[in-house]
Structure formats: structure tokens, C-alpha cells
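Text of model-v3.csv, listed as CSV, C-alpha atoms:
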chain,number,residue,atom,x,y,z
M,1,MET,CA,3.7,-19.7,20.4
M,2,SER,CA,5.0,-22.9,18.7
M,3,HIS,CA,8.7,-23.8,19.3
M,4,GLN,CA,8.7,-26.8,16.9
M,5,GLU,CA,10.7,-25.9,13.7
M,6,ILE,CA,9.3,-26.6,10.3
M,7,THR,CA,12.0,-28.0,8.1
M,8,SER,CA,10.1,-29.7,5.2
M,9,LEU,CA,9.7,-27.8,2.0
M,10,HIS,CA,6.5,-29.7,1.4
M,11,SER,CA,4.8,-28.5,4.6
M,12,PRO,CA,1.2,-27.2,4.1
M,13,HIS,CA,2.4,-23.9,5.5
M,14,VAL,CA,5.0,-23.6,2.7
M,15,GLU,CA,2.5,-24.5,0.1
M,16,ARG,CA,0.0,-22.0,1.4
M,17,VAL,CA,2.5,-19.1,1.3
M,18,LYS,CA,3.9,-20.2,-2.1
M,19,ALA,CA,0.3,-20.3,-3.5
M,20,LEU,CA,-0.2,-16.6,-2.5
M,21,LEU,CA,3.1,-15.7,-4.2
M,22,GLY,CA,2.6,-17.7,-7.3
M,23,SER,CA,0.8,-17.1,-10.6
M,24,ARG,CA,-2.6,-17.7,-9.0
M,25,GLY,CA,-1.7,-15.5,-6.0
M,26,LYS,CA,-3.8,-12.5,-7.1
M,27,LYS,CA,-6.9,-14.7,-7.5
M,28,ILE,CA,-6.4,-16.2,-4.0
M,29,ARG,CA,-5.8,-12.8,-2.4
M,30,ASN,CA,-8.9,-11.4,-4.0
M,31,SER,CA,-11.1,-14.3,-2.9
M,32,GLU,CA,-9.8,-14.9,0.6
M,33,HIS,CA,-8.4,-11.4,1.4
M,34,VAL,CA,-5.2,-12.9,2.7
M,35,PHE,CA,-1.7,-11.7,1.7
M,36,VAL,CA,2.0,-12.2,2.6
M,37,ALA,CA,3.9,-9.5,4.5
M,38,ASP,CA,7.6,-10.1,4.2
M,39,GLY,CA,10.5,-8.4,6.1
M,40,MET,CA,11.0,-6.3,9.2
M,41,GLN,CA,9.5,-3.1,8.0
M,42,SER,CA,6.2,-4.8,7.1
M,43,LEU,CA,6.1,-6.7,10.4
M,44,ARG,CA,6.8,-3.5,12.4
M,45,GLY,CA,3.7,-2.0,10.8
M,46,ALA,CA,1.7,-5.1,11.4
M,47,LEU,CA,2.6,-5.5,15.0
M,48,SER,CA,2.0,-1.9,15.9
M,49,PRO,CA,-0.8,-0.6,13.6
M,50,HIS,CA,-2.1,2.9,14.0
M,51,SER,CA,-5.4,2.5,12.1
M,52,GLU,CA,-8.7,0.8,12.8
M,53,PHE,CA,-8.6,-0.2,9.1
M,54,ALA,CA,-5.3,-2.2,9.5
M,55,PRO,CA,-5.1,-5.8,8.3
M,56,HIS,CA,-4.8,-8.5,11.0
M,57,ILE,CA,-2.0,-11.0,11.4
M,58,GLN,CA,-3.1,-14.6,11.0
M,59,LYS,CA,0.3,-16.3,11.5
M,60,ILE,CA,4.0,-15.3,11.7
M,61,PHE,CA,6.8,-17.4,10.4
M,62,VAL,CA,10.4,-16.8,11.7
M,63,THR,CA,13.8,-18.3,11.4
M,64,ALA,CA,16.0,-18.4,14.5
M,65,LEU,CA,17.6,-15.1,13.6
M,66,GLY,CA,14.2,-13.6,12.6
M,67,ARG,CA,12.8,-14.5,16.0
M,68,LEU,CA,15.6,-12.8,17.7
M,69,LYS,CA,15.1,-9.6,15.6
M,70,LEU,CA,11.3,-9.6,16.4
M,71,GLU,CA,11.8,-10.4,20.1
M,72,GLU,CA,14.2,-7.4,20.5
M,73,GLU,CA,11.4,-5.0,19.5
M,74,PHE,CA,8.1,-6.9,20.1
M,75,SER,CA,8.6,-9.5,22.8
M,76,ALA,CA,5.2,-8.6,24.5
M,77,GLU,CA,3.3,-8.3,21.2
M,78,LEU,CA,4.5,-11.7,19.9
M,79,THR,CA,2.8,-13.5,22.8
M,80,GLU,CA,-0.5,-12.6,21.3
M,81,HIS,CA,0.2,-14.2,17.9
M,82,ASP,CA,0.7,-17.6,16.4
M,83,VAL,CA,4.5,-17.6,15.7
M,84,VAL,CA,5.9,-20.6,13.8
M,85,ASN,CA,9.6,-21.4,13.6
M,86,VAL,CA,11.0,-22.4,10.2
M,87,SER,CA,14.4,-23.4,8.9
M,88,ASP,CA,16.4,-21.0,6.7
M,89,ALA,CA,15.7,-23.2,3.7
M,90,VAL,CA,11.9,-23.2,4.3
M,91,MET,CA,12.0,-19.4,4.7
M,92,GLY,CA,13.8,-19.2,1.4
M,93,ALA,CA,11.0,-21.1,-0.2
M,94,MET,CA,8.4,-18.9,1.3
M,95,THR,CA,9.6,-15.6,0.0
M,96,ASP,CA,10.2,-14.1,-3.4
M,97,THR,CA,13.1,-11.9,-2.2
M,98,GLN,CA,16.8,-12.6,-2.9
M,99,SER,CA,17.9,-12.0,0.7
M,100,PRO,CA,15.1,-13.1,3.1
M,101,GLN,CA,15.1,-11.3,6.4
M,102,GLY,CA,13.8,-14.3,8.3
M,103,VAL,CA,10.3,-12.8,9.2
M,104,LEU,CA,7.1,-13.3,7.3
M,105,ALA,CA,3.5,-13.1,8.1
M,106,LEU,CA,0.1,-14.1,6.7
M,107,CYS,CA,-2.3,-11.2,7.1
M,108,LYS,CA,-6.0,-10.8,6.4
M,109,TYR,CA,-7.5,-7.6,5.3
M,110,LEU,CA,-11.1,-6.3,5.2
M,111,PRO,CA,-11.8,-4.9,1.7
M,112,HIS,CA,-12.8,-1.2,1.8
M,113,ASP,CA,-15.0,0.8,-0.5
M,114,LEU,CA,-15.9,4.5,-0.6
M,115,THR,CA,-18.5,3.9,2.1
M,116,THR,CA,-16.0,2.7,4.6
M,117,ILE,CA,-13.9,5.9,4.1
M,118,SER,CA,-16.8,8.3,4.1
M,119,THR,CA,-15.2,10.4,6.8
M,120,ALA,CA,-11.9,10.8,5.1
M,121,LYS,CA,-11.0,14.4,4.3
M,122,LYS,CA,-7.7,14.2,2.4
M,123,ILE,CA,-7.6,11.4,-0.3
M,124,ALA,CA,-5.1,10.5,-2.9
M,125,TYR,CA,-6.6,8.8,-6.0
M,126,PHE,CA,-4.5,6.9,-8.6
M,127,TRP,CA,-5.9,6.1,-12.0
M,128,GLN,CA,-4.6,2.9,-13.5
M,129,LEU,CA,-1.3,3.0,-11.6
M,130,GLN,CA,0.5,-0.2,-12.6
M,131,ASP,CA,4.0,-0.1,-11.2
M,132,PRO,CA,4.3,-1.8,-7.7
M,133,GLY,CA,7.1,0.5,-6.5
M,134,ASN,CA,5.1,3.6,-7.4
M,135,ALA,CA,2.0,2.2,-5.7
M,136,GLY,CA,3.8,1.3,-2.5
M,137,THR,CA,5.6,4.6,-2.4
M,138,ALA,CA,2.3,6.5,-2.9
M,139,ILE,CA,0.7,4.7,0.0
M,140,ARG,CA,3.8,5.4,2.2
M,141,THR,CA,3.8,9.0,1.2
M,142,ALA,CA,0.1,9.5,1.8
M,143,ASP,CA,0.6,8.0,5.3
M,144,ALA,CA,3.6,10.4,6.0
M,145,CYS,CA,1.6,13.4,4.8
M,146,GLY,CA,-1.3,12.7,7.0
M,147,PHE,CA,-3.8,11.7,4.3
M,148,ASP,CA,-6.8,9.8,5.4
M,149,ALA,CA,-7.1,7.2,2.5
M,150,VAL,CA,-5.6,6.1,-0.8
M,151,VAL,CA,-7.9,5.0,-3.6
M,152,PHE,CA,-6.9,3.1,-6.8
M,153,SER,CA,-8.9,2.7,-10.0
M,154,ASP,CA,-9.6,-0.6,-11.8
M,155,LEU,CA,-6.7,-1.8,-14.0
M,156,SER,CA,-4.3,-0.7,-11.3
M,157,VAL,CA,-1.6,-2.8,-9.6
M,158,ASP,CA,-2.7,-5.4,-7.0
M,159,VAL,CA,-2.1,-3.5,-3.8
M,160,PHE,CA,-1.6,-6.6,-1.7
M,161,SER,CA,1.0,-8.2,-4.0
M,162,PRO,CA,4.4,-8.8,-2.3
M,163,LYS,CA,6.2,-6.0,-4.1
M,164,VAL,CA,3.6,-3.4,-3.2
M,165,VAL,CA,3.4,-4.5,0.4
M,166,ARG,CA,7.2,-4.3,0.8
M,167,SER,CA,7.2,-0.9,-0.9
M,168,THR,CA,4.7,0.6,1.6
M,169,ALA,CA,7.3,0.0,4.3
M,170,GLY,CA,4.6,-0.7,6.9
M,171,SER,CA,2.3,2.1,6.0
M,172,LEU,CA,-0.3,-0.4,4.7
M,173,TRP,CA,-1.2,-0.8,8.4
M,174,ASN,CA,-1.7,2.9,9.0
M,175,ILE,CA,-4.0,4.1,6.2
M,176,PRO,CA,-7.0,2.5,4.5
M,177,VAL,CA,-6.6,1.6,0.8
M,178,VAL,CA,-9.6,1.2,-1.6
M,179,GLU,CA,-9.2,-0.7,-4.9
M,180,GLY,CA,-11.3,-0.8,-8.1
M,181,VAL,CA,-13.0,2.6,-8.0
M,182,SER,CA,-13.8,4.2,-11.4
M,183,ILE,CA,-12.9,7.8,-11.8
M,184,GLN,CA,-16.6,8.5,-12.4
M,185,SER,CA,-17.6,6.9,-9.1
M,186,LEU,CA,-14.9,8.9,-7.3
M,187,ILE,CA,-16.0,12.2,-8.7
M,188,GLU,CA,-19.7,11.5,-7.9
M,189,TRP,CA,-18.7,10.5,-4.4
M,190,ALA,CA,-16.4,13.4,-3.8
M,191,GLN,CA,-18.9,16.2,-4.8
M,192,ASN,CA,-18.4,18.2,-1.6
M,193,ARG,CA,-14.6,18.1,-1.8
M,194,THR,CA,-12.1,20.0,-3.9
M,195,LEU,CA,-10.9,17.9,-6.8
M,196,LEU,CA,-7.4,18.5,-8.1
M,197,ALA,CA,-6.0,16.4,-11.0
M,198,PHE,CA,-2.3,16.6,-11.8
M,199,ASP,CA,-0.9,16.9,-15.4
M,200,GLY,CA,2.1,18.4,-17.0
M,201,VAL,CA,0.0,21.0,-18.9
M,202,GLY,CA,-2.4,22.0,-16.1
M,203,ASN,CA,-4.1,25.3,-16.2
M,204,LYS,CA,-3.1,26.1,-12.7
M,205,SER,CA,0.3,25.8,-10.9
M,206,LEU,CA,0.6,23.9,-7.7
M,207,MET,CA,2.3,27.0,-6.3
M,208,ASP,CA,-1.1,28.8,-6.5
M,209,ILE,CA,-2.8,26.1,-4.4
M,210,LYS,CA,-3.1,26.7,-0.7
M,211,PRO,CA,-3.1,23.9,1.9
M,212,MET,CA,-6.5,22.3,2.3
M,213,THR,CA,-8.3,20.2,4.9
M,214,GLU,CA,-10.7,18.5,2.4
M,215,VAL,CA,-9.3,17.6,-1.0
M,216,VAL,CA,-9.0,14.7,-3.4
M,217,LEU,CA,-5.8,14.6,-5.5
M,218,ILE,CA,-6.0,12.7,-8.7
M,219,PHE,CA,-2.9,11.2,-10.4
M,220,GLY,CA,-2.8,9.4,-13.7
M,221,ASN,CA,-1.1,6.4,-15.3
M,222,GLU,CA,2.7,6.3,-15.6
M,223,ALA,CA,2.6,6.5,-19.4
M,224,ARG,CA,-0.8,8.0,-20.4
M,225,GLY,CA,-1.4,10.5,-17.6
M,226,ILE,CA,-4.9,11.4,-16.6
M,227,PRO,CA,-8.1,10.6,-18.6
M,228,ASN,CA,-10.5,13.2,-19.8
M,229,LEU,CA,-12.2,14.8,-16.8
M,230,PRO,CA,-15.3,16.9,-16.3
M,231,SER,CA,-15.0,20.7,-16.0
M,232,GLY,CA,-15.4,20.7,-12.3
M,233,VAL,CA,-12.0,19.2,-11.8
M,234,GLU,CA,-9.1,21.6,-11.6
M,235,ILE,CA,-6.1,20.5,-13.7
M,236,VAL,CA,-2.9,21.4,-11.8
M,237,SER,CA,0.7,21.2,-12.9
M,238,ILE,CA,3.9,21.1,-10.9
M,239,PRO,CA,6.4,23.6,-12.1
M,240,MET,CA,9.8,22.3,-13.1
M,241,LYS,CA,13.1,24.1,-13.5
M,242,GLY,CA,15.2,21.5,-15.2
M,243,TYR,CA,14.9,19.7,-18.5
M,244,ALA,CA,13.2,16.5,-17.4
M,245,GLU,CA,10.0,15.8,-19.5
M,246,SER,CA,8.0,15.1,-16.4
M,247,PHE,CA,8.0,13.9,-12.8
M,248,ASN,CA,7.7,10.3,-11.9
M,249,VAL,CA,4.1,9.8,-10.7
M,250,ALA,CA,5.2,8.8,-7.2
M,251,SER,CA,7.4,11.9,-7.0
M,252,ALA,CA,4.6,14.1,-8.3
M,253,ALA,CA,2.2,12.6,-5.7
M,254,ALA,CA,4.8,13.2,-2.9
M,255,ILE,CA,5.2,16.9,-3.9
M,256,ALA,CA,1.5,17.5,-4.2
M,257,MET,CA,0.5,15.7,-1.0
M,258,PHE,CA,3.2,17.5,1.0
M,259,HIS,CA,2.1,20.9,-0.5
M,260,VAL,CA,-1.6,20.6,0.3
M,261,SER,CA,-0.9,19.3,3.8
M,262,HIS,CA,1.3,22.2,5.0
Write the structure described by the file as C-alpha cells, please.
Amino acid sequence: MSHQEITSLHSPHVERVKALLGSRGKKIRNSEHVFVADGMQSLRGALSPHSEFAPHIQKIFVTALGRLKLEEEFSAELTEHDVVNVSDAVMGAMTDTQSPQGVLALCKYLPHDLTTISTAKKIAYFWQLQDPGNAGTAIRTADACGFDAVVFSDLSVDVFSPKVVRSTAGSLWNIPVVEGVSIQSLIEWAQNRTLLAFDGVGNKSLMDIKPMTEVVLIFGNEARGIPNLPSGVEIVSIPMKGYAESFNVASAAAIAMFHVSH
């Protein structure tokens, strides 16, 4: 654990983090499988992961106040990691948030595919989900509802972008996430599981669906909904009592995941 403080805004550490947050960040994340985890909630998840699929911490950066916060909760765990002290100005340059919390980590993840989650029983699949907040909330909700994996299609948001990572509130370290899976590949892979796709005009109500132990829930794009699906996929709607046109996709996913899990 280093006690020398980085004060230069031109430090290689600063440049490394800024590169991951900048316009080329997605390309670097995809090629090196490294991302930035910013804030206390993310670090809590990273320092006490509950999944064998969890990303691994490479380096932790802390301000003086940030170190105090982490040491209050994780004094023993911190001794196992490379912790680097930085000035408040340097931390400000290393984060894209308006009010930095003084703790930030570089983490490395192992990319998953359908093979690595072959034993997963309850899976949430999102087709072309593009809003970072919705994606992060979906991962967090799947974790809370006891789902085994979350899968995103191609043309979805970058799961390891800073906004999505923050929105997961640490759940990214509890549940495996698979990216870039076409809906055709998902349906072929999930042939022994019940497939339920959610749409405002489904031919079956969620209220008629019983809790399940093996199921794939399919949710569509924020604006376009779900694509055309083969006949073997049940189209389900969530009944509404008010006048709203539809549920937000993250809200619909939360309702559906909770329902099939209880």
C-alpha cells in the first residue's frame, strides 16, 4: 500500500484513467477488459464480491477522505490491494462525476458468453437497451431478485461504461453479465427454458404467470419494444391501472423479475 500522494495532473495514472473515460474509452475497455469503478457503492461491491464471475481490482485510488471512508469498512481488505493516494485535484481529473467521493478503482473483467453461464436458471435478456441508467438498474434488480445472469444484445449500451457501473450500485460484482448476444442465439441456447417476452400488447398477463425456477425474460428497446419473435416465445403484458402509455423498461423488468421469483 503506497503512502506517497500523486499530485500531478499529468501522472501516467491520471492519463490511464482519463483514457478509459474519454471518447476512446469503449474501444480500450473492449480490448483490455479494464474499466473504472467510481464511488463508495461500487467499491463496496468490488471489495466484497459474492460471485465467482466478479471483476478483479487492479488498483485503487483514494483521496485522504476517501481512504478514511474505505478504512472504516474495509481495513483488512485494503491490505490486499494496491492503494494509491491522490490529491483532491487529481481525483477530480480522474472522474466524470460532479462531486467525486474520493474513491476510484481500476478493475479487470473476464468477458462472458452463453457458455460460461450454462448453469444459470433465471436469466434477464435485454434487446438493444441503450440507456445507461436503465441498464444499471436492470443489473441491480436482477441481482436483488436472485437472477443468475443478465444478457444484453448487440447495439446495447456499454455495460462497463462509468454511468452503467455506477447505476448497478455494486451489483456488477454479484452477477455475471454477458454482452453482444443476438436474440436468435439466445433463443437457440435457451431451448430447454421457458421464454417470456414482455410487451404492452402481450397475449398473456403477467398475473397469470406463476413463479419459475428456470426462465428467460426478454425485454425490448426503450422506444421500439421487442423485435419479431418465433411462436415458441410467450408474449406477456404487465397490466396497468392508470393512464400511462407504458412502463419504463427498467420498471417493467423489476416487476417481472420480482413476480417470477416469488
### Query
Which residue out of M:Ser205, M:Asn30, M:Ser161, M:Ser153 has the minimum interatomic distance to Ala124 of chain M when only C-alpha atoms are used?
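Among the listed residues, the smallest separation from Ala124 of chain M belongs to M:Ser153.
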### Message
Report, in Å with one decimal, the straight-line distance from atom CA of Ile60 of chain M to atom CA of Val103 of chain M.
### Response
7.2 Å
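For the set M:Lys27, M:His262, M:Arg140, M:Lys122, the residue with the smallest atom-to-atom gap to Val215 of chain M is M:Lys122, counting all atoms listed in the file.
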### Message
Considering only C-alpha atoms, can you say which of M:Pro239, M:Pro176, M:Trp127, M:Ile183 comes closest to Gly220 of chain M?
### Response
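Among the listed residues, the smallest separation from Gly220 of chain M belongs to M:Trp127.
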### Task
May I have the residues within 10 Å of Lys26 of chain M as a list in words, using only C-alpha atoms and disregarding those fewer than 3 positions away in the same chain?
Ala19, Leu20, Leu21, Gly22, Ser23, Arg29, Asn30, Ser31, His33, Val34, Phe35, Asp158, Val159, Phe160 and Ser161 of chain M
### Task
Name the closest residue to Ser99 of chain M among the candidates M:Gly146, M:Pro132, M:Gly39, M:Gly200; distances are taken between atoms, counting all atoms listed in the file.
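When distances to Ser99 of chain M are compared using all atoms listed in the file, the smallest one comes from M:Gly39.
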### Query
Looking at M:Val181, M:Lys241, M:Val36, M:Gly202, which one is nearest to Gln58 of chain M, with distances taken over all atoms listed in the file?
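Between M:Val181, M:Lys241, M:Val36, M:Gly202, the residue approaching Gln58 of chain M most closely is M:Val36.
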### Query
From the list M:Ile28, M:Ala76, M:Val236, M:Leu106, which residue is nearest Leu217 of chain M when using all atoms listed in the file?
M:Val236
Skipping near chain neighbours, those fewer than 2 positions away, what residues fall within 10 Å of Ala105 of chain M using all atoms listed in the file, listed as a PDB file with C-alpha atoms, keeping the file's coordinate frame?
ATOM      1  CA  VAL M  17       2.500 -19.100   1.300  1.00  0.00           C
ATOM      2  CA  PHE M  35      -1.700 -11.700   1.700  1.00  0.00           C
ATOM      3  CA  VAL M  36       2.000 -12.200   2.600  1.00  0.00           C
ATOM      4  CA  ALA M  37       3.900  -9.500   4.500  1.00  0.00           C
ATOM      5  CA  ASP M  38       7.600 -10.100   4.200  1.00  0.00           C
ATOM      6  CA  GLY M  39      10.500  -8.400   6.100  1.00  0.00           C
ATOM      7  CA  SER M  42       6.200  -4.800   7.100  1.00  0.00           C
ATOM      8  CA  LEU M  43       6.100  -6.700  10.400  1.00  0.00           C
ATOM      9  CA  ALA M  46       1.700  -5.100  11.400  1.00  0.00           C
ATOM     10  CA  HIS M  56      -4.800  -8.500  11.000  1.00  0.00           C
ATOM     11  CA  ILE M  57      -2.000 -11.000  11.400  1.00  0.00           C
ATOM     12  CA  GLN M  58      -3.100 -14.600  11.000  1.00  0.00           C
ATOM     13  CA  LYS M  59       0.300 -16.300  11.500  1.00  0.00           C
ATOM     14  CA  ILE M  60       4.000 -15.300  11.700  1.00  0.00           C
ATOM     15  CA  PHE M  61       6.800 -17.400  10.400  1.00  0.00           C
ATOM     16  CA  VAL M  62      10.400 -16.800  11.700  1.00  0.00           C
ATOM     17  CA  ASP M  82       0.700 -17.600  16.400  1.00  0.00           C
ATOM     18  CA  VAL M  83       4.500 -17.600  15.700  1.00  0.00           C
ATOM     19  CA  VAL M  84       5.900 -20.600  13.800  1.00  0.00           C
ATOM     20  CA  VAL M 103      10.300 -12.800   9.200  1.00  0.00           C
ATOM     21  CA  CYS M 107      -2.300 -11.200   7.100  1.00  0.00           C
ATOM     22  CA  LYS M 108      -6.000 -10.800   6.400  1.00  0.00           C
TER      23      LYS M 108
END
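Rounded to one decimal, atom CA of Pro49 of chain M and atom CA of Val178 of chain M lie 17.7 Å from each other.
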### Task
Just give me the gap between atom CA of Thr194 of chain M and atom CA of Met207 of chain M in Å, one decimal is fine.
16.2 Å
When you look at His50 of chain M with a cut-off of 10 Å (counting all atoms listed in the file), what residues show up, excluding the ones that are within fewer than 5 positions of it in the same chain? I need them as a compact mmCIF listing (two decimals) with C-alpha atoms, keeping the file's coordinate frame.
# COMPACT_ATOMS: atom_id res chain seq x y z
CA GLY M 45 3.70 -2.00 10.80
CA SER M 171 2.30 2.10 6.00
CA TRP M 173 -1.20 -0.80 8.40
CA ASN M 174 -1.70 2.90 9.00
CA ILE M 175 -4.00 4.10 6.20
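Within 8 Å of Phe126 of chain M, once all atoms listed in the file are used and residues closer than 4 positions along the same chain are dropped, the contacting residues are Val150, Val151, Phe152, Ser153, Ile218, Phe219, Gly220 and Asn221 of chain M.
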Would you mind exporting C-alpha atoms of the selected residues as a PDB file, in the coordinates of the input?
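File written: out-v9.pdb
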ATOM      1  CA  VAL M 150      -5.600   6.100  -0.800  1.00  0.00           C
ATOM      2  CA  VAL M 151      -7.900   5.000  -3.600  1.00  0.00           C
ATOM      3  CA  PHE M 152      -6.900   3.100  -6.800  1.00  0.00           C
ATOM      4  CA  SER M 153      -8.900   2.700 -10.000  1.00  0.00           C
ATOM      5  CA  ILE M 218      -6.000  12.700  -8.700  1.00  0.00           C
ATOM      6  CA  PHE M 219      -2.900  11.200 -10.400  1.00  0.00           C
ATOM      7  CA  GLY M 220      -2.800   9.400 -13.700  1.00  0.00           C
ATOM      8  CA  ASN M 221      -1.100   6.400 -15.300  1.00  0.00           C
TER       9      ASN M 221
END
### Query
Got a sec: who's within 10 Å of Leu195 of chain M, counting only C-alpha atoms, leaving out chain neighbours fewer than 3 positions off, as JSON, numbers by chain?
{"M": [123, 186, 187, 190, 191, 192, 214, 215, 216, 217, 218, 232, 233, 234, 235]}
